[in-house]
Amino acid sequence: MQLTLRQIEAFLTVANLRSFTAAGASLHITQSAVSNLIKDLEAQVGVPLFDRTSRFVSLSPDGREMHTLAQKAFHEFLLMEKYAADLSSLRAGRVRVVGAPLIACTLLPLLLAHFKRAQPAIRVELVDQPMALVQSSIQQGDAEVGFGPARLPETDIIARHFFTTPVSMLSRPDHPLAGRHSTWSEVKKVPVVAVGRESVGYIAADVGTQPPFTIGHVVNQMPTAFALAAAGCGVALAGRFSLMLARGYGLVATLLHAPVLYREMQMYLPAARKLSDAAATFVDFATQFVKDHDPNTLDSATVAELAPPLSTRRDA
């Protein structure tokens, strides 16, 4: 038995459109050509895959079973085809990077600007995704390198240490706890703006669940949390490197004690395939960059000094 991709594509198209004529139009071939592809496929598998009447076409019981497998096989082939098409451009100098929202709007743009200056022939494309999708983006071949908070590596993913950040309270300068030797027990008494319902749970696992945190708002994006904190609607909790963004909202960071908590930011890489030359160059650069420039000490003045001159970014 030697099934062809064209047979599988015709089978899926007829199943979806429930018409040989419509399938032919979709595939830009004649209705008879579609019919021949399906007949050849049915002859090879030895069973009818469609129930045909004068009015409609529908999958037979065996056809429904095959449809599930055919969808998966066709999807995998498209991924392979996409990856094969990308290989030449990736080798020639293109890297896709995916970042969790907070690091994608703070450290990564600065890192990419410096990399562009050091490696002008390599193009880096940055996409921000919810942390839940960072590793899957790499698994599916949509990105080669990912960045975000530490999570257990998923199938075919390698997690490498990137940098460590102390968990701080982000608030207005006039907040009663700002700038003090504040503790987690004190923070639990004021409204907290949580980014995602699971975020406070991660912290509570380390500082204890009793007494519970006072949740003022639950939002999906850190900028929303910072805006609420700036409006006096609560405080936000995040790694200190987030000050690169939080200062734009007029917020300050207060390190919390009893205990001092640290969070690891990780770099996520594919385990099942080799990095392109361009991606490997970027990974080495990113690793050295956070060694040379501690993300937790970057302030607005330092960022301005580190940012490449505008004249070098016109064609970025």
# chains A, B, ... in the order shown; residues from 1 in each chain; ligands from 1
call {"tool": "select_by_dssp", "arguments": {"residues": "stretch 89-287 of chain A", "states": "helix (DSSP H, G or I)", "output": "PyMOL selection string"}}
result
chain A and resi 89-93+101-104+107-118+131-139+184-187+197-207+222-230+240-249+277-287
call {"tool": "closest_atom_pairs", "arguments": {"of": "stretch 109-155 of chain A", "to": "stretch 62-82 of chain A", "cutoff": "12 Å", "atoms": "only C-alpha atoms", "output": "JSON lines"}}
result
{"residue": "A:Gln139", "atom": "CA", "partner": "A:Leu79", "partner_atom": "CA", "distance": 10.5}
{"residue": "A:Gln140", "atom": "CA", "partner": "A:Leu79", "partner_atom": "CA", "distance": 7.4}
{"residue": "A:Gly141", "atom": "CA", "partner": "A:Leu79", "partner_atom": "CA", "distance": 7.4}
{"residue": "A:Asp142", "atom": "CA", "partner": "A:Leu79", "partner_atom": "CA", "distance": 9.3}
call {"tool": "residues_around", "arguments": {"residues": "A:Glu144", "least_positions_apart": "3", "cutoff": "12 Å", "atoms": "only C-alpha atoms", "output": "JSON, numbers by chain"}}
result
{"A": [83, 86, 87, 90, 94, 95, 96, 97, 98, 99, 124, 125, 126, 127, 134, 135, 136, 137, 138, 139, 140, 141, 147, 157, 158, 267, 268, 269, 270, 271, 272, 273, 274, 275, 276, 277, 278, 279, 280, 281, 282, 283]}
call {"tool": "atom_distance", "arguments": {"atom1": "atom CA of A:Pro166", "atom2": "atom CA of A:Leu261"}}
result
5.7 Å
call {"tool": "atom_distance", "arguments": {"atom1": "atom CA of A:Asp294", "atom2": "atom CA of A:Thr164"}}
result
9.3 Å
call {"tool": "residues_around", "arguments": {"residues": "A:Arg180", "least_positions_apart": "5", "cutoff": "9 Å", "atoms": "only C-alpha atoms", "output": "ChimeraX atom specification"}}
result
/A:254-256
call {"tool": "atom_distance", "arguments": {"atom1": "atom CA of A:Lys116", "atom2": "atom CA of A:Leu245"}}
result
21.6 Å
call {"tool": "select_by_dssp", "arguments": {"residues": "stretch 83-294 of chain A", "states": "strand (DSSP E or B)", "output": "PyMOL selection string"}}
result
chain A and resi 94-99+123-128+145-149+157-171+183+191-195+214-219+235-239+252-255+257+262-270
call {"tool": "closest_residue", "arguments": {"among": "A:Thr224, A:Ser182, A:Gln31, A:Ser171", "to": "A:Leu251", "atoms": "only C-alpha atoms"}}
result
A:Ser171
call {"tool": "residues_around", "arguments": {"residues": "A:Met169", "least_positions_apart": "4", "cutoff": "10 Å", "atoms": "only C-alpha atoms", "output": "PyMOL selection string"}}
result
chain A and resi 177-179+182+184+187+192+235-240+251-256
call {"tool": "closest_residue", "arguments": {"among": "A:Leu102, A:Arg117, A:Ala150, A:Phe241", "to": "A:His293", "atoms": "only C-alpha atoms"}}
result
A:Phe241
